[in-house]
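Next comes query19.csv, a file with CSV, C-alpha atoms.
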chain,number,residue,atom,x,y,z
A,1,MET,CA,-22.7,-24.8,33.3
A,2,LEU,CA,-22.4,-21.4,34.9
A,3,ARG,CA,-18.9,-22.2,35.9
A,4,ALA,CA,-17.9,-23.0,32.4
A,5,VAL,CA,-19.4,-19.7,31.1
A,6,LEU,CA,-17.6,-17.7,33.7
A,7,LYS,CA,-14.3,-19.5,33.0
A,8,SER,CA,-14.6,-18.9,29.3
A,9,GLY,CA,-15.6,-15.3,29.9
A,10,GLY,CA,-12.7,-14.7,32.3
A,11,LEU,CA,-10.2,-16.3,29.8
A,12,LEU,CA,-11.4,-14.1,27.0
A,13,PHE,CA,-11.1,-11.1,29.2
A,14,VAL,CA,-7.5,-12.0,30.2
A,15,PHE,CA,-6.5,-12.5,26.6
A,16,THR,CA,-8.1,-9.2,25.5
A,17,VAL,CA,-6.3,-7.2,28.3
A,18,VAL,CA,-3.0,-8.8,27.4
A,19,SER,CA,-3.4,-8.2,23.7
A,20,ILE,CA,-4.5,-4.6,24.2
A,21,PHE,CA,-1.5,-4.1,26.5
A,22,PHE,CA,1.0,-5.2,23.8
A,23,VAL,CA,-0.7,-3.3,21.0
A,24,SER,CA,-0.8,-0.1,23.1
A,25,LEU,CA,2.9,-0.6,24.0
A,26,THR,CA,3.9,-0.8,20.4
A,27,GLN,CA,1.6,2.1,19.5
A,28,THR,CA,3.1,4.4,22.2
A,29,ASN,CA,6.6,3.5,21.1
A,30,THR,CA,6.1,4.0,17.4
A,31,LYS,CA,3.7,7.0,17.5
A,32,ASP,CA,6.4,9.7,17.2
A,33,VAL,CA,8.3,7.9,14.4
A,34,ILE,CA,5.1,7.5,12.4
A,35,THR,CA,4.1,11.2,12.8
A,36,TYR,CA,7.6,12.1,11.8
A,37,ASN,CA,7.5,9.9,8.7
A,38,GLU,CA,4.1,11.3,7.6
A,39,LYS,CA,5.4,14.9,8.1
A,40,GLN,CA,8.6,14.1,6.1
A,41,LEU,CA,6.7,12.7,3.2
A,42,LEU,CA,4.5,15.8,3.1
A,43,ILE,CA,7.5,18.2,3.3
A,44,GLN,CA,9.2,16.2,0.6
A,45,ARG,CA,6.2,16.4,-1.7
A,46,LEU,CA,5.7,20.1,-1.0
A,47,GLY,CA,9.4,20.7,-1.6
A,48,GLU,CA,9.2,19.2,-5.1
A,49,LEU,CA,6.9,22.0,-6.1
A,50,VAL,CA,8.2,25.0,-4.2
A,51,GLY,CA,11.6,25.8,-2.6
A,52,GLY,CA,13.1,28.8,-0.8
A,53,TYR,CA,10.3,29.3,1.7
A,54,SER,CA,11.2,30.4,5.2
A,55,ASN,CA,8.0,29.6,7.1
A,56,ASP,CA,7.0,26.3,8.8
A,57,ILE,CA,4.8,25.3,5.9
A,58,LEU,CA,3.0,22.5,7.7
A,59,ALA,CA,2.2,24.6,10.7
A,60,ASP,CA,0.8,27.4,8.5
A,61,LYS,CA,-1.6,25.1,6.8
A,62,TYR,CA,-5.2,26.1,6.8
A,63,THR,CA,-8.4,24.5,5.4
A,64,LYS,CA,-11.1,26.0,3.3
A,65,THR,CA,-14.5,24.5,2.3
A,66,LEU,CA,-14.8,25.2,-1.4
A,67,LYS,CA,-16.9,24.2,-4.4
A,68,LEU,CA,-14.3,22.6,-6.6
A,69,HIS,CA,-14.5,20.0,-9.3
A,70,LYS,CA,-18.3,20.2,-9.1
A,71,ILE,CA,-18.4,19.0,-5.5
A,72,THR,CA,-18.1,20.8,-2.1
A,73,GLN,CA,-14.9,19.7,-0.5
A,74,VAL,CA,-12.5,20.6,2.2
A,75,VAL,CA,-9.2,21.8,0.6
A,76,ASN,CA,-5.9,22.0,2.5
A,77,ILE,CA,-3.9,25.0,1.6
A,78,TYR,CA,-0.2,25.4,2.4
A,79,PRO,CA,1.1,29.0,2.0
A,80,ALA,CA,4.8,29.3,1.1
A,81,LYS,CA,6.2,32.5,2.6
A,82,ASN,CA,9.4,34.4,2.3
A,83,ASN,CA,9.9,37.4,4.6
A,84,HIS,CA,6.3,36.9,5.9
A,85,LYS,CA,5.0,37.5,2.4
A,86,ILE,CA,3.1,34.6,0.6
A,87,PHE,CA,4.7,33.9,-2.7
A,88,ALA,CA,3.0,30.6,-3.5
A,89,TYR,CA,0.0,28.4,-2.5
A,90,LEU,CA,0.1,24.6,-2.5
A,91,ILE,CA,-3.4,23.3,-2.7
A,92,GLU,CA,-4.3,19.7,-1.8
A,93,HIS,CA,-7.6,18.7,-3.3
A,94,THR,CA,-9.6,15.8,-4.6
A,95,TYR,CA,-10.7,15.3,-8.2
A,96,PRO,CA,-13.6,12.8,-8.0
A,97,ASN,CA,-13.8,11.7,-11.6
A,98,GLY,CA,-10.7,9.7,-12.4
A,99,TYR,CA,-11.0,6.5,-14.3
A,100,ASN,CA,-11.3,4.7,-11.0
A,101,GLY,CA,-12.7,7.2,-8.6
A,102,ASP,CA,-10.9,9.8,-6.5
A,103,ILE,CA,-7.5,11.3,-7.5
A,104,ARG,CA,-5.9,13.3,-4.7
A,105,LEU,CA,-3.7,16.0,-6.1
A,106,LEU,CA,-1.3,18.7,-4.9
A,107,THR,CA,-1.2,21.7,-7.1
A,108,GLY,CA,1.3,24.5,-6.6
A,109,ILE,CA,0.4,28.0,-7.9
A,110,GLY,CA,2.6,31.1,-7.5
A,111,VAL,CA,1.2,34.6,-6.7
A,112,ASP,CA,2.0,35.4,-10.4
A,113,LYS,CA,-0.8,32.9,-11.2
A,114,LYS,CA,1.5,30.5,-12.9
A,115,LEU,CA,1.6,26.8,-12.0
A,116,LEU,CA,4.6,25.6,-10.0
A,117,GLY,CA,3.6,22.1,-10.8
A,118,VAL,CA,1.2,19.2,-10.0
A,119,ARG,CA,1.7,16.0,-8.1
A,120,VAL,CA,-0.5,13.0,-7.6
A,121,ILE,CA,-0.8,12.1,-3.9
A,122,THR,CA,-3.1,9.0,-4.2
A,123,HIS,CA,-5.0,7.5,-7.0
A,124,LYS,CA,-6.6,4.2,-8.1
A,125,GLU,CA,-5.9,4.4,-11.8
A,126,THR,CA,-5.0,1.3,-13.8
A,127,PRO,CA,-1.5,0.1,-13.0
A,128,GLY,CA,0.7,0.2,-16.1
A,129,LEU,CA,-1.6,2.6,-17.9
A,130,GLY,CA,-3.2,5.4,-15.9
A,131,ASP,CA,-0.4,5.4,-13.3
A,132,LYS,CA,1.9,7.2,-15.6
A,133,ILE,CA,0.6,10.3,-13.8
A,134,GLU,CA,3.0,9.4,-11.0
A,135,LEU,CA,6.4,11.1,-11.3
A,136,LYS,CA,8.2,7.8,-10.6
A,137,LYS,CA,6.6,6.1,-13.6
A,138,SER,CA,6.8,8.9,-16.2
A,139,ASN,CA,7.6,12.7,-16.4
A,140,TRP,CA,4.2,13.4,-18.0
A,141,ILE,CA,3.0,15.4,-14.9
A,142,GLU,CA,5.9,17.8,-15.2
A,143,GLN,CA,4.5,19.6,-18.3
A,144,PHE,CA,2.3,21.8,-16.2
A,145,LEU,CA,5.2,23.9,-14.9
A,146,GLY,CA,4.8,27.6,-15.8
A,147,LEU,CA,1.3,27.2,-17.4
A,148,SER,CA,-1.6,29.5,-16.4
A,149,LEU,CA,-5.2,30.1,-17.3
A,150,SER,CA,-4.2,32.0,-20.4
A,151,ASN,CA,-1.3,29.8,-21.4
A,152,PRO,CA,-2.5,27.8,-23.2
A,153,SER,CA,-5.9,29.4,-23.9
A,154,LYS,CA,-9.0,27.8,-22.5
A,155,LYS,CA,-9.9,25.7,-25.5
A,156,ASN,CA,-6.4,24.2,-25.6
A,157,TRP,CA,-6.5,23.0,-22.0
A,158,LYS,CA,-7.3,19.5,-23.3
A,159,VAL,CA,-5.5,16.4,-24.5
A,160,LYS,CA,-4.5,16.4,-28.2
A,161,ARG,CA,-7.3,13.9,-29.1
A,162,ASP,CA,-9.8,16.5,-27.9
A,163,GLY,CA,-8.2,19.3,-29.8
A,164,GLY,CA,-5.9,20.6,-27.1
A,165,THR,CA,-2.2,20.9,-26.6
A,166,PHE,CA,-1.5,18.1,-24.0
A,167,ASP,CA,-0.1,14.7,-24.9
A,168,ALA,CA,-2.0,11.8,-23.6
A,169,PHE,CA,-0.1,8.6,-22.9
A,170,THR,CA,-0.7,5.3,-24.8
A,171,GLY,CA,-3.7,3.4,-23.7
A,172,ALA,CA,-5.2,5.9,-21.3
A,173,THR,CA,-7.2,9.0,-22.2
A,174,ILE,CA,-9.5,9.4,-19.2
A,175,THR,CA,-6.8,9.7,-16.6
A,176,PRO,CA,-4.8,12.5,-18.4
A,177,ARG,CA,-8.1,14.2,-19.2
A,178,ALA,CA,-8.9,14.1,-15.5
A,179,ILE,CA,-5.6,15.7,-14.4
A,180,ILE,CA,-5.8,18.4,-17.0
A,181,THR,CA,-9.4,19.3,-16.1
A,182,ALA,CA,-8.6,19.2,-12.4
A,183,THR,CA,-5.6,21.5,-12.9
A,184,TYR,CA,-7.5,24.0,-14.9
A,185,GLN,CA,-10.3,24.1,-12.4
A,186,VAL,CA,-7.9,24.8,-9.6
A,187,LEU,CA,-6.4,27.7,-11.6
A,188,GLU,CA,-10.0,29.0,-12.0
A,189,LEU,CA,-10.1,29.5,-8.2
A,190,LEU,CA,-7.7,32.5,-8.9
A,191,ASN,CA,-10.6,34.3,-10.5
A,192,LYS,CA,-12.0,34.7,-7.0
A,193,PRO,CA,-9.0,35.7,-5.0
A,194,CYS,CA,-10.7,35.2,-1.7
A,195,SER,CA,-11.0,31.4,-2.3
A,196,LEU,CA,-7.3,30.8,-1.6
A,197,SER,CA,-6.8,33.4,1.2
A,198,LYS,CA,-7.0,32.4,4.8
A,199,LYS,CA,-10.0,34.7,5.5
A,200,PRO,CA,-13.4,33.3,4.6
A,201,CYS,CA,-15.1,34.7,1.4
A,202,ASN,CA,-18.1,37.0,2.1
Q,1,MET,CA,11.5,-39.2,8.5
Q,2,ASN,CA,11.4,-37.4,11.9
Q,3,ASP,CA,8.8,-34.8,13.0
Q,4,TYR,CA,10.9,-31.8,12.2
Q,5,THR,CA,11.9,-32.8,8.6
Q,6,LYS,CA,8.2,-33.6,8.0
Q,7,ILE,CA,7.2,-30.2,9.2
Q,8,ILE,CA,9.7,-28.6,6.9
Q,9,LYS,CA,8.6,-30.6,3.9
Q,10,ASN,CA,5.0,-30.0,4.6
Q,11,GLY,CA,5.5,-26.2,4.9
Q,12,LEU,CA,7.6,-25.8,1.8
Q,13,TRP,CA,6.0,-28.3,-0.5
Q,14,ASN,CA,3.6,-31.1,0.5
Q,15,ASN,CA,1.1,-28.8,2.2
Q,16,ASN,CA,2.2,-25.5,0.9
Q,17,GLN,CA,-0.5,-23.0,2.0
Q,18,ALA,CA,-0.7,-21.2,-1.3
Q,19,LEU,CA,-0.3,-24.1,-3.8
Q,20,VAL,CA,-2.0,-27.1,-2.0
Q,21,ALA,CA,-4.2,-25.6,0.6
Q,22,LEU,CA,-5.0,-22.6,-1.6
Q,23,LEU,CA,-5.3,-20.4,1.4
Q,24,GLY,CA,-4.6,-16.7,1.7
Q,25,LEU,CA,-5.3,-16.0,-1.9
Q,26,CYS,CA,-6.7,-12.6,-1.3
Q,27,PRO,CA,-3.3,-10.9,-0.4
Q,28,LEU,CA,-1.5,-13.4,-2.6
Q,29,LEU,CA,-3.3,-12.3,-5.7
Q,30,ALA,CA,-3.5,-8.6,-4.8
Q,31,VAL,CA,0.2,-7.7,-4.1
Q,32,THR,CA,2.1,-9.9,-6.4
Q,33,ASN,CA,2.5,-7.4,-9.3
Q,34,ASN,CA,6.2,-7.1,-8.4
Q,35,ILE,CA,8.9,-8.9,-6.4
Q,36,VAL,CA,9.4,-6.2,-3.8
Q,37,ASN,CA,5.7,-6.1,-2.8
Q,38,ALA,CA,5.8,-9.9,-2.6
Q,39,ILE,CA,8.8,-10.0,-0.3
Q,40,GLY,CA,7.3,-7.3,1.9
Q,41,LEU,CA,4.0,-9.1,2.4
Q,42,GLY,CA,5.8,-12.5,2.6
Q,43,LEU,CA,7.9,-11.2,5.5
Q,44,ALA,CA,5.0,-9.7,7.3
Q,45,THR,CA,2.9,-12.8,6.9
Q,46,THR,CA,5.7,-15.1,8.1
Q,47,PHE,CA,6.3,-13.0,11.2
Q,48,VAL,CA,2.6,-13.1,12.1
Q,49,LEU,CA,2.4,-16.9,11.4
Q,50,VAL,CA,5.4,-17.6,13.7
Q,51,ALA,CA,4.2,-15.3,16.4
Q,52,SER,CA,0.6,-16.6,16.4
Q,53,ASN,CA,1.7,-20.3,16.2
Q,54,ILE,CA,4.0,-19.8,19.2
Q,55,SER,CA,1.5,-18.0,21.4
Q,56,VAL,CA,-1.3,-20.4,20.5
Q,57,SER,CA,0.8,-23.4,21.3
Q,58,ILE,CA,2.0,-22.0,24.6
Q,59,PHE,CA,-1.6,-21.4,25.8
Q,60,ARG,CA,-3.0,-24.5,24.1
Q,61,HIS,CA,-3.9,-26.2,27.5
Q,62,GLN,CA,-5.5,-23.1,28.9
Q,63,ILE,CA,-7.7,-22.2,25.9
Q,64,SER,CA,-10.9,-24.1,26.2
Q,65,LYS,CA,-12.4,-25.6,23.1
Q,66,GLU,CA,-15.5,-23.3,22.9
Q,67,ILE,CA,-13.7,-20.0,22.8
Q,68,ARG,CA,-10.5,-21.0,20.9
Q,69,ILE,CA,-11.5,-19.3,17.6
Q,70,PRO,CA,-12.2,-15.9,19.1
Q,71,ILE,CA,-8.9,-16.1,21.0
Q,72,PHE,CA,-6.9,-17.2,17.9
Q,73,VAL,CA,-8.4,-14.3,16.0
Q,74,LEU,CA,-7.7,-11.9,18.8
Q,75,LEU,CA,-4.0,-13.0,18.9
Q,76,ILE,CA,-3.6,-12.8,15.2
Q,77,ALA,CA,-5.2,-9.4,14.9
Q,78,SER,CA,-2.9,-8.1,17.7
Q,79,PHE,CA,0.2,-9.3,16.0
Q,80,VAL,CA,-1.0,-7.9,12.7
Q,81,THR,CA,-1.6,-4.5,14.3
Q,82,ILE,CA,1.9,-4.6,15.8
Q,83,VAL,CA,3.4,-5.5,12.4
Q,84,GLU,CA,1.5,-2.7,10.8
Q,85,LEU,CA,2.7,-0.1,13.3
Q,86,LEU,CA,6.3,-1.3,13.0
Q,87,MET,CA,6.2,-1.2,9.3
Q,88,GLN,CA,4.7,2.3,9.4
Q,89,SER,CA,7.7,3.4,11.5
Q,90,TYR,CA,10.6,1.6,9.8
Q,91,PHE,CA,9.5,0.8,6.3
Q,92,TYR,CA,7.2,3.8,5.6
Q,93,ASP,CA,7.6,3.8,1.8
Q,94,LEU,CA,6.8,0.1,1.6
Q,95,TYR,CA,3.9,0.7,4.0
Q,96,LEU,CA,2.5,3.3,1.6
Q,97,ILE,CA,2.3,0.6,-1.1
Q,98,LEU,CA,1.3,-2.4,1.0
Q,99,GLY,CA,-0.7,-0.4,3.4
Q,100,ILE,CA,-4.2,-1.7,2.8
Q,101,PHE,CA,-3.0,-5.3,2.5
Q,102,VAL,CA,-1.3,-5.5,5.8
Q,103,PRO,CA,-4.6,-5.5,7.9
Q,104,LEU,CA,-5.8,-8.1,5.5
Q,105,ILE,CA,-3.3,-10.5,6.9
Q,106,VAL,CA,-5.8,-11.0,9.7
Q,107,THR,CA,-8.1,-12.6,7.2
Q,108,ASN,CA,-5.4,-14.8,5.7
Q,109,CYS,CA,-7.0,-18.2,6.5
Q,110,ALA,CA,-3.6,-19.8,6.3
Q,111,ILE,CA,-2.7,-18.3,9.7
Q,112,LEU,CA,-5.9,-19.2,11.5
Q,113,GLY,CA,-5.7,-22.6,9.8
Q,114,ARG,CA,-2.2,-23.3,11.2
Q,115,ALA,CA,-3.3,-22.1,14.7
Q,116,GLU,CA,-6.2,-24.5,14.6
Q,117,ALA,CA,-4.7,-27.5,12.8
Q,118,PHE,CA,-1.2,-27.5,14.2
Q,119,ALA,CA,-0.3,-25.0,16.9
Q,120,SER,CA,-3.2,-26.0,19.2
Q,121,LYS,CA,-2.0,-29.6,19.2
Q,122,ASN,CA,1.8,-29.3,19.3
Q,123,THR,CA,4.7,-28.0,21.4
Q,124,TRP,CA,5.8,-24.4,20.9
Q,125,GLY,CA,9.1,-25.5,19.3
Q,126,LYS,CA,7.4,-27.5,16.6
Q,127,SER,CA,4.7,-24.8,16.1
Q,128,ALA,CA,7.4,-22.2,15.6
Q,129,LEU,CA,9.1,-24.3,13.0
Q,130,ASP,CA,5.7,-25.0,11.4
Q,131,GLY,CA,4.9,-21.3,11.3
Q,132,LEU,CA,8.2,-20.4,9.8
Q,133,MET,CA,8.1,-23.1,7.1
Q,134,MET,CA,4.5,-22.4,6.2
Q,135,GLY,CA,5.4,-18.7,6.0
Q,136,VAL,CA,8.5,-19.3,3.9
Q,137,GLY,CA,6.5,-21.6,1.6
Q,138,PHE,CA,3.9,-19.0,1.2
Q,139,SER,CA,6.5,-16.3,0.6
Q,140,ILE,CA,8.3,-18.4,-2.1
Q,141,VAL,CA,5.0,-18.6,-4.0
Q,142,LEU,CA,4.4,-14.9,-3.6
Q,143,ILE,CA,7.9,-14.1,-4.8
Q,144,ALA,CA,7.7,-16.5,-7.8
Q,145,LEU,CA,4.4,-15.1,-8.8
Q,146,GLY,CA,5.7,-11.5,-8.3
Q,147,ALA,CA,8.8,-12.2,-10.4
Q,148,MET,CA,6.7,-13.8,-13.2
Q,149,ARG,CA,4.2,-10.9,-13.3
Q,150,GLU,CA,6.8,-8.2,-13.0
Q,151,LEU,CA,9.0,-9.7,-15.8
Q,152,ILE,CA,6.1,-10.2,-18.2
Q,153,GLY,CA,4.1,-7.2,-17.1
Q,154,SER,CA,6.7,-4.5,-16.9
Q,155,GLY,CA,10.0,-6.1,-18.1
Q,156,THR,CA,11.9,-5.4,-14.9
Q,157,LEU,CA,13.0,-7.4,-11.8
Q,158,PHE,CA,13.4,-6.1,-8.3
Q,159,ASP,CA,12.1,-2.7,-9.4
Q,160,GLN,CA,11.8,-0.2,-6.4
Q,161,SER,CA,13.7,-2.5,-4.1
Q,162,ALA,CA,15.0,0.7,-2.5
Q,163,LEU,CA,11.7,0.7,-0.6
Q,164,LEU,CA,12.8,-2.4,1.2
Q,165,LEU,CA,16.6,-2.2,1.3
Q,166,GLY,CA,17.4,1.6,1.1
Q,167,ASP,CA,20.2,2.6,-1.2
Q,168,LEU,CA,21.4,-0.9,-1.6
Q,169,GLY,CA,18.2,-1.7,-3.4
Q,170,ASN,CA,19.0,0.7,-6.3
Q,171,THR,CA,21.8,-1.6,-7.4
Q,172,LEU,CA,19.5,-4.6,-7.4
Q,173,SER,CA,16.9,-3.3,-9.8
Q,174,VAL,CA,17.2,-4.8,-13.2
Q,175,THR,CA,15.6,-3.7,-16.4
Q,176,VAL,CA,15.4,-7.0,-18.3
Q,177,PHE,CA,13.8,-5.7,-21.5
Q,178,GLU,CA,14.7,-2.2,-22.6
Q,179,ASN,CA,11.9,-0.1,-24.0
Q,180,TYR,CA,9.4,-2.7,-23.1
Q,181,GLN,CA,5.8,-1.6,-23.6
Q,182,GLY,CA,4.5,-3.9,-20.8
Q,183,THR,CA,1.8,-6.5,-20.8
Q,184,LEU,CA,-1.2,-5.2,-19.0
Q,185,LEU,CA,-2.8,-8.6,-18.5
Q,186,ALA,CA,0.1,-9.8,-16.3
Q,187,ILE,CA,-0.2,-6.7,-14.0
Q,188,LEU,CA,-4.0,-6.8,-13.6
Q,189,PRO,CA,-5.8,-9.3,-11.3
Q,190,PRO,CA,-6.4,-11.9,-14.1
Q,191,GLY,CA,-2.7,-12.2,-14.6
Q,192,ALA,CA,-2.4,-13.2,-10.9
Q,193,PHE,CA,-5.0,-16.0,-11.4
Q,194,ILE,CA,-3.4,-17.2,-14.5
Q,195,GLY,CA,0.0,-17.1,-13.0
Q,196,LEU,CA,-1.0,-18.9,-9.9
Q,197,GLY,CA,-2.8,-21.5,-11.9
Q,198,LEU,CA,0.3,-22.2,-13.9
Q,199,ILE,CA,2.4,-22.5,-10.8
Q,200,VAL,CA,-0.1,-25.0,-9.3
Q,201,ALA,CA,-0.1,-26.9,-12.5
Q,202,MET,CA,3.7,-27.1,-12.6
Q,203,LYS,CA,3.8,-28.3,-9.1
Q,204,ASN,CA,1.2,-31.0,-9.7
Q,205,ARG,CA,3.0,-32.1,-12.9
Q,206,TYR,CA,6.3,-32.4,-11.0
Q,207,ASP,CA,4.6,-34.4,-8.2
Q,208,LEU,CA,3.0,-36.7,-10.7
Q,209,ARG,CA,6.1,-37.4,-12.7
Q,210,GLY,CA,6.9,-41.1,-13.0
Q,211,ILE,CA,3.4,-42.1,-12.0
Q,212,LYS,CA,2.0,-43.9,-15.1
Q,213,SER,CA,-1.7,-43.4,-15.6

Will you turn the file into structure tokens for me?
Amino acid sequence: MLRAVLKSGGLLFVFTVVSIFFVSLTQTNTKDVITYNEKQLLIQRLGELVGGYSNDILADKYTKTLKLHKITQVVNIYPAKNNHKIFAYLIEHTYPNGYNGDIRLLTGIGVDKKLLGVRVITHKETPGLGDKIELKKSNWIEQFLGLSLSNPSKKNWKVKRDGGTFDAFTGATITPRAIITATYQVLELLNKPCSLSKKPCN
Amino acid sequence: MNDYTKIIKNGLWNNNQALVALLGLCPLLAVTNNIVNAIGLGLATTFVLVASNISVSIFRHQISKEIRIPIFVLLIASFVTIVELLMQSYFYDLYLILGIFVPLIVTNCAILGRAEAFASKNTWGKSALDGLMMGVGFSIVLIALGAMRELIGSGTLFDQSALLLGDLGNTLSVTVFENYQGTLLAILPPGAFIGLGLIVAMKNRYDLRGIKS
């Protein structure tokens, strides 16, 4: 009886060690490629919103804990610099009230307080309806370019159905509403300049 | 009919894991909203099936009966992790779409089922063929369902195949119906159930042809 237990235990041990060996081997060999892929994707996404920066935008990233979209969240900020002067901020944040939960967004704002654009990083909106917020499905998301807190005025930062100036797409209202609200609330951060700067607010 | 032809026939048709055994439905129903996803998951599943079948059959005399299931699961989970890492390095765009479904291959009962029912009793050559044929059979169903849902749901075929094939893929993508508004039902989970149901029904109908009631 004891022999059988020991034998089974030993066998399980051997199989575990061998499996771990092969998984670690693959992991060590793919680690660099995977990090590279993740970085490239991020650079590509950032590049869609801002060009002509001369700094290492990923290395200059910093995080801030802000109260945004009615929750306290950690926001990633990528400053785009030219000649060591920041000319735009790319803000990665989460809007928690999509049709189906969290929508992760990247919002680009220039120092002139105008939007450089908005991109959706991840979302769980309905395929075929709400996913038109993705650039590869529809160009809806591109209409934010150049807008600011005062253009259009606050009461027009809504979908047309709610009396605003933004088109919603057929079959989905909650998703566009969410993106518009999220974008406006990010712009509102500009009212408190310290919230985007690297130094903490007092 | 020799053993090998029997294995091929079982895998592709008579004991098709998706249509007859109805195993592995979780990934099957989840990723089949277009052909490219279906091919990606089909390839990954086939690879894991072959690898797990071969390793289980090689060690079948050493693995004692009491601990066979934990060992099978351990082997399958290791192969899935390896596939996931490889996919992350070489098919990163596809990984971003299939990402959450790749780890779920571990829970695909078809793989554990073949390890237990076939590979633990047969030589490694036969087990490899069995794994391959079961995998191909499963993939064919994935692709058929993917094609059906993509065509009805979005009016395209092979959309986004660049994720799998690079630039070559762009030439493959076909828009079958121009300005098609889409049929949401086909893209959402119920479409997968209805589609699979239809395919199973067609297979049974074909098998029963000629048999008078």

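Residues from chain A found within 8 Å of chain Q are A:Ser8, A:Leu11, A:Leu12, A:Phe15, A:Thr16, A:Ser19, A:Ile20, A:Phe22, A:Val23, A:Thr26, A:Gln27, A:Thr30, A:Val33, A:Ile34, A:Asn37, A:Pro127, A:Gly128, A:Leu129, counting all atoms listed in the file.
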
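With CA of Val14 (chain A) on one side and CA of Ser57 (chain Q) on the other, the separation reads 16.7 Å.
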
Please identify all polymer residues within 12 Å of Gly164 (chain A), counting only C-alpha atoms, omitting same-chain residues fewer than 6 positions from it, and present them as a list in words.
Asn151, Pro152, Ser153, Lys154, Lys155, Asn156, Trp157, Lys158, Pro176, Arg177, Ile180 and Thr181 of chain A

Just C-alpha atoms for this one: save the residues we selected as a PDB file, in the frame of the given file.
ATOM      1  CA  ASN A 151      -1.300  29.800 -21.400  1.00  0.00           C
ATOM      2  CA  PRO A 152      -2.500  27.800 -23.200  1.00  0.00           C
ATOM      3  CA  SER A 153      -5.900  29.400 -23.900  1.00  0.00           C
ATOM      4  CA  LYS A 154      -9.000  27.800 -22.500  1.00  0.00           C
ATOM      5  CA  LYS A 155      -9.900  25.700 -25.500  1.00  0.00           C
ATOM      6  CA  ASN A 156      -6.400  24.200 -25.600  1.00  0.00           C
ATOM      7  CA  TRP A 157      -6.500  23.000 -22.000  1.00  0.00           C
ATOM      8  CA  LYS A 158      -7.300  19.500 -23.300  1.00  0.00           C
ATOM      9  CA  PRO A 176      -4.800  12.500 -18.400  1.00  0.00           C
ATOM     10  CA  ARG A 177      -8.100  14.200 -19.200  1.00  0.00           C
ATOM     11  CA  ILE A 180      -5.800  18.400 -17.000  1.00  0.00           C
ATOM     12  CA  THR A 181      -9.400  19.300 -16.100  1.00  0.00           C
TER      13      THR A 181
END

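Among Q:Thr46, Q:Asn34, Q:Thr175, Q:Asn2, the residue with the shortest atom-to-atom distance to Ala147 (chain Q), counting only C-alpha atoms, is Q:Asn34.
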
Name the closest residue to Ile97 (chain Q) among the candidates Q:Val20, Q:Leu145, Q:Leu41, Q:Leu129; distances are taken between atoms, counting all atoms listed in the file.
Q:Leu41

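You can rank A:Phe21, A:Phe166, A:Tyr95, A:Tyr78 by their closest distance to Ile43 (chain A) using only C-alpha atoms, and at the top of that list sits A:Tyr78.
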
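Distance-wise, CA of Ile77 (chain A) and CA of Asn191 (chain A) end up 16.7 Å apart.
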
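Close contacts of Ser173 (chain Q), defined as residues with an atom at most 7 Å away when counting all atoms listed in the file, with chain neighbours fewer than 6 positions off set aside, comprise Q:Leu157, Q:Phe158, Q:Asp159, Q:Gln160, Q:Ser161.
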
Report, in Å to a single decimal, how far apart CA of Gly135 (chain Q) and CA of Glu150 (chain Q) are.
21.8 Å

Leaving out region 106-122 of chain A and any residue of its chain fewer than 6 positions from it, which residues lie within 8 Å of it when counting only C-alpha atoms, given as an NGL selection string?
:A and (45 or 49-50 or 86-93 or 133-135 or 141-148 or 183 or 186-187 or 190)

In file coordinates, which residues lie within 7 Å of (2.4, -22.3, 11.3) using all atoms listed in the file, given as a ChimeraX atom specification?
/Q:49-50,53,111,114-115,118-119,127-128,130-132,134

Output region 42-47 of chain A from the block with N, CA, C and O atoms, as a PDB file, in the first residue's frame?
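See selection_33.pdb below for the written result:
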ATOM      1  N   LEU A  42       1.457  48.948 -28.544  1.00  0.00           N
ATOM      2  CA  LEU A  42       1.224  50.189 -27.821  1.00  0.00           C
ATOM      3  C   LEU A  42       1.747  51.377 -28.620  1.00  0.00           C
ATOM      4  O   LEU A  42       1.060  52.382 -28.776  1.00  0.00           O
ATOM      5  N   ILE A  43       2.970  51.245 -29.158  1.00  0.00           N
ATOM      6  CA  ILE A  43       3.553  52.329 -29.953  1.00  0.00           C
ATOM      7  C   ILE A  43       2.665  52.640 -31.156  1.00  0.00           C
ATOM      8  O   ILE A  43       2.390  53.789 -31.482  1.00  0.00           O
ATOM      9  N   GLN A  44       2.161  51.560 -31.787  1.00  0.00           N
ATOM     10  CA  GLN A  44       1.296  51.739 -32.952  1.00  0.00           C
ATOM     11  C   GLN A  44       0.025  52.499 -32.569  1.00  0.00           C
ATOM     12  O   GLN A  44      -0.414  53.409 -33.254  1.00  0.00           O
ATOM     13  N   ARG A  45      -0.540  52.109 -31.424  1.00  0.00           N
ATOM     14  CA  ARG A  45      -1.771  52.775 -30.980  1.00  0.00           C
ATOM     15  C   ARG A  45      -1.522  54.221 -30.631  1.00  0.00           C
ATOM     16  O   ARG A  45      -2.309  55.105 -30.954  1.00  0.00           O
ATOM     17  N   LEU A  46      -0.399  54.483 -29.929  1.00  0.00           N
ATOM     18  CA  LEU A  46      -0.086  55.853 -29.567  1.00  0.00           C
ATOM     19  C   LEU A  46       0.173  56.663 -30.828  1.00  0.00           C
ATOM     20  O   LEU A  46      -0.261  57.807 -30.948  1.00  0.00           O
ATOM     21  N   GLY A  47       0.866  56.029 -31.798  1.00  0.00           N
ATOM     22  CA  GLY A  47       1.213  56.707 -33.040  1.00  0.00           C
ATOM     23  C   GLY A  47       0.006  57.112 -33.867  1.00  0.00           C
ATOM     24  O   GLY A  47       0.065  58.046 -34.663  1.00  0.00           O
TER      25      GLY A  47
END
